[in-house]
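Source file: run.cif; contents: mmCIF, C-alpha atoms.
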data_work
loop_
_atom_site.label_atom_id
_atom_site.label_comp_id
_atom_site.auth_asym_id
_atom_site.auth_seq_id
_atom_site.Cartn_x
_atom_site.Cartn_y
_atom_site.Cartn_z
CA MET Y 1 -3.48 158.88 217.74
CA GLU Y 2 -5.93 157.31 215.33
CA PRO Y 3 -8.03 154.43 216.72
CA VAL Y 4 -6.95 150.91 215.79
CA VAL Y 5 -9.42 149.34 213.38
CA ILE Y 6 -9.87 145.61 213.88
CA ALA Y 7 -10.50 143.79 210.61
CA ASP Y 8 -10.01 140.47 208.92
CA SER Y 9 -6.41 139.84 207.92
CA PHE Y 10 -4.66 137.49 205.53
CA SER Y 11 -0.95 136.95 205.03
CA VAL Y 12 1.78 134.85 203.49
CA VAL Y 13 4.92 134.45 205.61
CA VAL Y 14 8.36 133.28 204.48
CA VAL Y 15 11.00 132.35 207.07
CA GLY Y 16 14.73 132.27 206.39
CA ARG Y 17 17.89 134.36 206.38
CA MET Y 18 16.58 137.68 205.13
CA ASN Y 19 18.27 140.90 204.04
CA PRO Y 20 15.70 143.54 205.00
CA ALA Y 21 17.56 146.38 203.28
CA ILE Y 22 16.62 144.88 199.89
CA HIS Y 23 12.91 145.21 200.57
CA HIS Y 24 12.40 148.79 199.51
CA PRO Y 25 9.25 149.77 197.56
CA LEU Y 26 11.39 150.76 194.56
CA TRP Y 27 12.85 147.23 194.41
CA TYR Y 28 9.32 145.83 194.13
CA GLN Y 29 8.50 148.32 191.37
CA HIS Y 30 11.73 147.49 189.50
CA ASN Y 31 10.82 143.80 189.57
CA LYS Y 32 7.23 144.52 188.49
CA LEU Y 33 5.73 143.29 191.75
CA LEU Y 34 4.04 146.60 192.62
CA GLU Y 35 2.51 149.27 190.40
CA ALA Y 36 3.77 152.88 190.36
CA PRO Y 37 0.78 154.31 192.33
CA GLU Y 38 1.31 151.70 195.06
CA VAL Y 39 4.99 152.59 195.33
CA GLU Y 40 4.20 156.30 195.42
CA HIS Y 41 1.79 155.68 198.31
CA ALA Y 42 4.44 153.64 200.14
CA LEU Y 43 7.11 156.30 199.69
CA THR Y 44 4.89 159.15 200.88
CA ASN Y 45 3.58 157.37 203.98
CA GLU Y 46 5.32 155.82 206.97
CA MET Y 47 7.96 153.37 205.81
CA MET Y 48 11.30 152.02 206.95
CA CYS Y 49 14.14 150.32 205.12
CA ALA Y 50 17.17 149.48 207.27
CA PRO Y 51 19.60 146.58 207.77
CA ALA Y 52 17.50 145.05 210.55
CA PHE Y 53 13.95 145.86 209.43
CA ALA Y 54 11.94 147.02 206.44
CA GLY Y 55 8.26 147.81 206.24
CA PHE Y 56 5.82 149.76 204.14
CA ASN Y 57 2.16 149.96 203.18
CA THR Y 58 0.23 150.38 199.97
CA PRO Y 59 -3.52 151.11 199.84
CA THR Y 60 -4.30 147.38 199.84
CA LEU Y 61 -1.37 145.51 201.42
CA SER Y 62 1.68 145.74 203.64
CA ILE Y 63 5.12 144.16 203.45
CA THR Y 64 7.41 143.72 206.46
CA CYS Y 65 10.77 142.02 206.75
CA ASP Y 66 13.27 141.43 209.56
CA ASN Y 67 16.36 139.24 209.63
CA GLU Y 68 14.37 136.02 209.95
CA ARG Y 69 10.86 136.66 208.65
CA TRP Y 70 9.15 138.28 205.65
CA GLU Y 71 5.39 138.84 205.43
CA VAL Y 72 2.93 140.27 202.92
CA ALA Y 73 -0.51 140.96 204.38
CA THR Y 74 -3.86 142.49 203.52
CA PRO Y 75 -7.14 143.16 205.32
CA HIS Y 76 -8.98 142.85 202.01
CA GLU Y 77 -10.14 139.34 201.16
CA GLU Y 78 -10.48 140.23 197.46
CA HIS Y 79 -6.68 140.64 197.36
CA VAL Y 80 -5.82 137.33 199.02
CA ARG Y 81 -4.72 135.65 195.80
CA ARG Y 82 -2.31 138.49 195.08
CA LEU Y 83 -0.42 137.73 198.29
CA GLN Y 84 0.49 134.33 196.89
CA GLU Y 85 1.74 135.90 193.65
CA ILE Y 86 3.86 138.57 195.36
CA ALA Y 87 5.42 136.10 197.81
CA GLY Y 88 6.28 133.58 195.12
CA ARG Y 89 7.73 136.06 192.66
CA THR Y 90 9.68 137.90 195.37
CA PHE Y 91 11.61 134.85 196.50
CA ASP Y 92 11.95 133.28 193.09
CA THR Y 93 13.70 136.55 192.22
CA LEU Y 94 15.81 136.52 195.40
CA THR Y 95 17.26 133.10 194.58
CA HIS Y 96 20.12 133.40 197.09
CA THR Y 97 17.81 133.85 200.11
CA PRO Y 98 17.83 130.60 202.15
CA ILE Y 99 14.23 129.69 203.02
CA THR Y 100 13.49 127.34 205.92
CA ALA Y 101 9.68 127.61 206.12
CA PHE Y 102 6.63 129.35 204.75
CA GLY Y 103 3.04 129.62 205.81
CA PHE Y 104 -0.35 131.25 205.52
CA ASN Y 105 -2.50 133.13 208.03
CA PHE Y 106 -6.25 133.62 207.67
CA ARG Y 107 -8.03 135.62 210.40
CA PHE Y 108 -11.76 136.35 210.42
CA HIS Y 109 -14.15 138.32 212.65
CA ARG Y 110 -17.82 137.41 212.15
CA ALA Y 111 -21.02 138.60 213.82
CA THR Y 112 -23.13 135.83 215.35
CA GLU Y 113 -26.66 135.66 216.73
CA GLN Y 114 -25.33 134.89 220.21
CA PRO Y 115 -25.36 137.67 222.82
CA SER Y 116 -22.04 136.36 224.15
CA VAL Y 117 -19.73 134.11 222.17
CA ALA Y 118 -17.56 133.64 225.25
CA ALA Y 119 -20.51 132.33 227.25
CA VAL Y 120 -21.31 129.81 224.53
CA LEU Y 121 -17.72 128.54 224.43
CA VAL Y 122 -17.59 128.23 228.23
CA SER Y 123 -20.91 126.33 228.34
CA ARG Y 124 -19.95 123.99 225.52
CA LEU Y 125 -16.55 123.08 226.99
CA HIS Y 126 -17.57 122.86 230.68
CA PRO Y 127 -14.27 123.96 232.32
CA LYS Y 128 -14.93 121.97 235.50
CA ALA Y 129 -15.27 118.81 233.46
CA LEU Y 130 -11.75 119.46 232.21
CA GLY Y 131 -10.43 119.69 235.76
CA LEU Y 132 -10.04 123.47 235.80
CA VAL Y 133 -10.18 124.54 239.43
CA GLU Y 134 -10.67 128.26 238.86
CA ASP Y 135 -14.26 129.25 239.60
CA GLY Y 136 -16.13 131.75 237.49
CA VAL Y 137 -14.39 131.11 234.17
CA ASN Y 138 -16.10 133.44 231.69
CA LEU Y 139 -13.71 133.51 228.73
CA ILE Y 140 -12.32 130.57 226.79
CA GLU Y 141 -10.25 130.27 223.64
CA ILE Y 142 -10.16 127.02 221.70
CA ALA Y 143 -6.86 126.16 220.05
CA THR Y 144 -6.17 123.02 218.04
CA LYS Y 145 -3.08 121.72 216.25
CA ARG Y 146 -2.90 119.13 213.49
CA ASN Y 147 0.36 117.67 212.16
CA ASP Y 148 0.24 116.43 208.59
CA LYS Y 149 3.09 115.16 206.41
CA HIS Y 150 4.20 118.62 205.32
CA CYS Y 151 2.04 121.00 207.34
CA VAL Y 152 1.28 121.98 210.92
CA ARG Y 153 -2.18 123.57 210.96
CA ASN Y 154 -3.24 125.66 213.95
CA VAL Y 155 -6.85 126.76 214.48
CA ARG Y 156 -8.02 129.24 217.09
CA VAL Y 157 -11.62 130.13 217.96
CA ALA Y 158 -12.45 132.82 220.50
CA GLN Y 159 -14.68 135.74 221.22
CA SER Y 160 -13.58 138.62 219.02
CA VAL Y 161 -12.23 141.85 220.46
CA LEU Y 162 -14.81 143.64 218.31
CA SER Y 163 -17.74 142.83 220.60
CA PRO Y 164 -19.29 139.97 222.63
CA VAL Y 165 -21.45 138.96 219.64
CA HIS Y 166 -18.49 138.52 217.29
CA VAL Y 167 -16.43 135.36 216.95
CA PHE Y 168 -12.77 135.31 215.94
CA VAL Y 169 -11.50 132.41 213.83
CA ALA Y 170 -7.82 132.13 212.93
CA VAL Y 171 -6.19 129.45 210.79
CA ASN Y 172 -2.43 129.16 210.37
CA ALA Y 173 -0.74 126.67 208.06
CA HIS Y 174 3.02 126.24 208.58
CA TYR Y 175 5.24 124.37 206.12
CA ARG Y 176 8.81 123.44 206.99
CA VAL Y 177 11.08 123.34 203.96
CA ASP Y 178 12.84 120.00 204.20
CA GLN Y 179 13.76 117.05 202.01
CA SER Y 180 10.29 115.54 202.21
CA LEU Y 181 8.87 118.71 200.65
CA ILE Y 182 11.49 119.77 198.09
CA GLY Y 183 13.53 116.63 197.54
CA GLU Y 184 17.27 117.20 197.32
CA PRO Y 185 18.59 120.13 199.40
CA GLY Y 186 19.44 123.25 197.46
CA HIS Y 187 17.67 125.93 195.49
CA PHE Y 188 13.96 125.43 194.86
CA GLU Y 189 11.18 127.51 193.36
CA LEU Y 190 8.63 128.86 195.82
CA ILE Y 191 5.87 129.63 193.31
CA PRO Y 192 4.98 125.95 192.65
CA LEU Y 193 4.81 125.23 196.39
CA LEU Y 194 2.51 128.18 197.03
CA GLU Y 195 0.32 127.14 194.10
CA ARG Y 196 0.25 123.60 195.48
CA PHE Y 197 -0.89 124.50 198.99
CA PHE Y 198 -2.34 128.01 199.21
CA SER Y 199 -5.76 127.41 197.63
CA ASP Y 200 -6.45 124.30 199.70
CA ASP Y 201 -5.48 126.04 202.94
CA TYR Y 202 -7.60 129.05 202.06
CA ASP Y 203 -10.56 126.73 201.43
CA VAL Y 204 -9.93 124.98 204.76
CA ALA Y 205 -9.95 128.36 206.53
CA LYS Y 206 -13.22 129.42 204.92
CA GLU Y 207 -14.77 126.04 205.74
CA GLN Y 208 -13.69 126.45 209.37
CA VAL Y 209 -15.45 129.82 209.53
CA THR Y 210 -18.62 128.30 208.05
CA ASN Y 211 -18.53 125.37 210.48
CA THR Y 212 -17.94 127.64 213.47
CA MET Y 213 -20.82 129.93 212.50
CA GLN Y 214 -23.12 126.94 212.07
CA ALA Y 215 -22.10 125.52 215.46
CA LEU Y 216 -22.73 128.86 217.19
CA SER Y 217 -26.14 129.16 215.57
CA LYS Y 218 -27.33 125.88 217.12
CA GLY Y 219 -29.12 126.52 220.37
CA GLY Y 220 -28.21 128.93 223.08
CA THR Y 221 -25.71 128.80 225.84
#

Produce structure tokens that represent the structure in this file.
Amino acid sequence: MEPVVIADSFSVVVVGRMNPAIHHPLWYQHNKLLEAPEVEHALTNEMMCAPAFAGFNTPTLSITCDNERWEVATPHEEHVRRLQEIAGRTFDTLTHTPITAFGFNFRFHRATEQPSVAAVLVSRLHPKALGLVEDGVNLIEIATKRNDKHCVRNVRVAQSVLSPVHVFVAVNAHYRVDQSLIGEPGHFELIPLLERFFSDDYDVAKEQVTNTMQALSKGGT
């Protein structure tokens, strides 16, 4: 078995009543969402297309779909904008797919100057001051949630699984498709919504990484 490589990851998720069997690489080629070399790679590597699940990989991205959730993802930050395009065009083509939510995931692993990110987080939060009775706490994850008008944004900061000197920062933005977002119930176009929110959320994620790195660079544990 090949070793699992931990890397940054970025994805667009669409939630609704899916039909996984549609999501075959050839469908994406037919609708000009993937190029021929990408489809050839998908067809000649591990893939699945069945009533309950579909999934395949190209050299730069992956697409998975089950009965309730579709996701396009990449470990390559230079392809992040393409995720938005593929997601929008996919579901503006599949106009009969009911969509109940969509969201974005941005996950980063960054090397710091700290010998132990976990030790810094423990020292900054002071578990005993929070009433934690367990002695010897040596690993802490920080998770925050913010509810805005249309979006629930979740941020997670922790020591990365890569090494003690790496920090992991994850930002998730979740949008529920309701009347406040799309107006009258019924069919709506996804592309304008992704264009409206994706860039701002991506900028928020990058700003969070910058702020976390700056905070970890200030002083020791």

> On this structure, which residues satisfy the PyMOL selection byres ((chain Y and resi 171-186) around 6), written as a count of residues only?
Replying inline: 16

> Given the file above and the PyMOL selection byres ((chain Y and resi 40) around 12), which residues are selected, and can you give them as a VMD selection string?
Replying inline: chain Y and resid 24 to 26 28 to 29 34 to 39 41 to 47 56 to 59

> What does the PyMOL selection byres ((chain Y and resi 18) around 10) select in this file, as number ranges by chain?
Replying inline: Y: 14-17, 19-23, 51-53, 65-70, 94, 96-99

Writing out the chosen residues with C-alpha atoms as an mmCIF file, in the frame of the given file:
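Once written, again-v9.cif looks like this:
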data_model
loop_
_atom_site.group_PDB
_atom_site.id
_atom_site.type_symbol
_atom_site.label_atom_id
_atom_site.label_comp_id
_atom_site.auth_asym_id
_atom_site.auth_seq_id
_atom_site.Cartn_x
_atom_site.Cartn_y
_atom_site.Cartn_z
ATOM 1 C CA VAL Y 14 8.360 133.280 204.480
ATOM 2 C CA VAL Y 15 11.000 132.350 207.070
ATOM 3 C CA GLY Y 16 14.730 132.270 206.390
ATOM 4 C CA ARG Y 17 17.890 134.360 206.380
ATOM 5 C CA ASN Y 19 18.270 140.900 204.040
ATOM 6 C CA PRO Y 20 15.700 143.540 205.000
ATOM 7 C CA ALA Y 21 17.560 146.380 203.280
ATOM 8 C CA ILE Y 22 16.620 144.880 199.890
ATOM 9 C CA HIS Y 23 12.910 145.210 200.570
ATOM 10 C CA PRO Y 51 19.600 146.580 207.770
ATOM 11 C CA ALA Y 52 17.500 145.050 210.550
ATOM 12 C CA PHE Y 53 13.950 145.860 209.430
ATOM 13 C CA CYS Y 65 10.770 142.020 206.750
ATOM 14 C CA ASP Y 66 13.270 141.430 209.560
ATOM 15 C CA ASN Y 67 16.360 139.240 209.630
ATOM 16 C CA GLU Y 68 14.370 136.020 209.950
ATOM 17 C CA ARG Y 69 10.860 136.660 208.650
ATOM 18 C CA TRP Y 70 9.150 138.280 205.650
ATOM 19 C CA LEU Y 94 15.810 136.520 195.400
ATOM 20 C CA HIS Y 96 20.120 133.400 197.090
ATOM 21 C CA THR Y 97 17.810 133.850 200.110
ATOM 22 C CA PRO Y 98 17.830 130.600 202.150
ATOM 23 C CA ILE Y 99 14.230 129.690 203.020
#

>> Need the shell around Leu83 of chain Y: protein/DNA/RNA residues with any atom at most 9 Å away, counting all atoms listed in the file. Skip same-chain ones fewer than 2 positions apart. Format as a PyMOL selection string?
In response: chain Y and resi 10-12+61+72-74+79-81+85-88

> So which residues touch Lys218 of chain Y within 12 Å, counting all atoms listed in the file, skipping near sequence neighbours fewer than 2 positions away, as a PyMOL selection string?
Replying inline: chain Y and resi 112-114+120+124+211-216+220-221

> atom CA of Phe108 of chain Y and atom CA of Phe168 of chain Y are how many Å apart?
Replying inline: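 Atom CA of Phe168 of chain Y lies at a distance of 5.7 Å from atom CA of Phe108 of chain Y.
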
> So, counting only C-alpha atoms, which residue among Y:Arg82, Y:Lys32, Y:Arg196, Y:Trp27 is closest to Cys49 of chain Y?
Replying inline: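 Selected residue with least distance to Cys49 of chain Y: Y:Trp27.
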
>> Around (-17.9, 134.7, 216.3), as given in the file, which residues come within 6 Å? Count only C-alpha atoms and list them as an MDAnalysis selection string.
In response: chainID Y and resid 110:112 159 166:168

> So which residues touch Glu141 of chain Y within 9 Å, counting all atoms listed in the file, skipping near sequence neighbours fewer than 4 positions away, as a ChimeraX atom specification?
Replying inline: /Y:118,121-122,156-159

Polymer residues at most 7 Å from Leu194 of chain Y, all atoms listed in the file, same-chain spacing of 3 or more positions, as a short mmCIF file (atom, residue, chain, number, x, y, z; two decimals) with C-alpha atoms, in the coordinates of the input:
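Saved as selection.cif:
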data_model
loop_
_atom_site.label_atom_id
_atom_site.label_comp_id
_atom_site.auth_asym_id
_atom_site.auth_seq_id
_atom_site.Cartn_x
_atom_site.Cartn_y
_atom_site.Cartn_z
CA GLN Y 84 0.49 134.33 196.89
CA GLY Y 88 6.28 133.58 195.12
CA LEU Y 190 8.63 128.86 195.82
CA ILE Y 191 5.87 129.63 193.31
CA PHE Y 197 -0.89 124.50 198.99
CA PHE Y 198 -2.34 128.01 199.21
#

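Taking atom CA of Ser163 of chain Y and atom CA of Glu78 of chain Y as the two end points, the separation is 24.4 Å.
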
> What is the atom CA of Pro164 of chain Y to atom CA of Ser62 of chain Y distance in Å?
Replying inline: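 It comes out at 28.9 Å.
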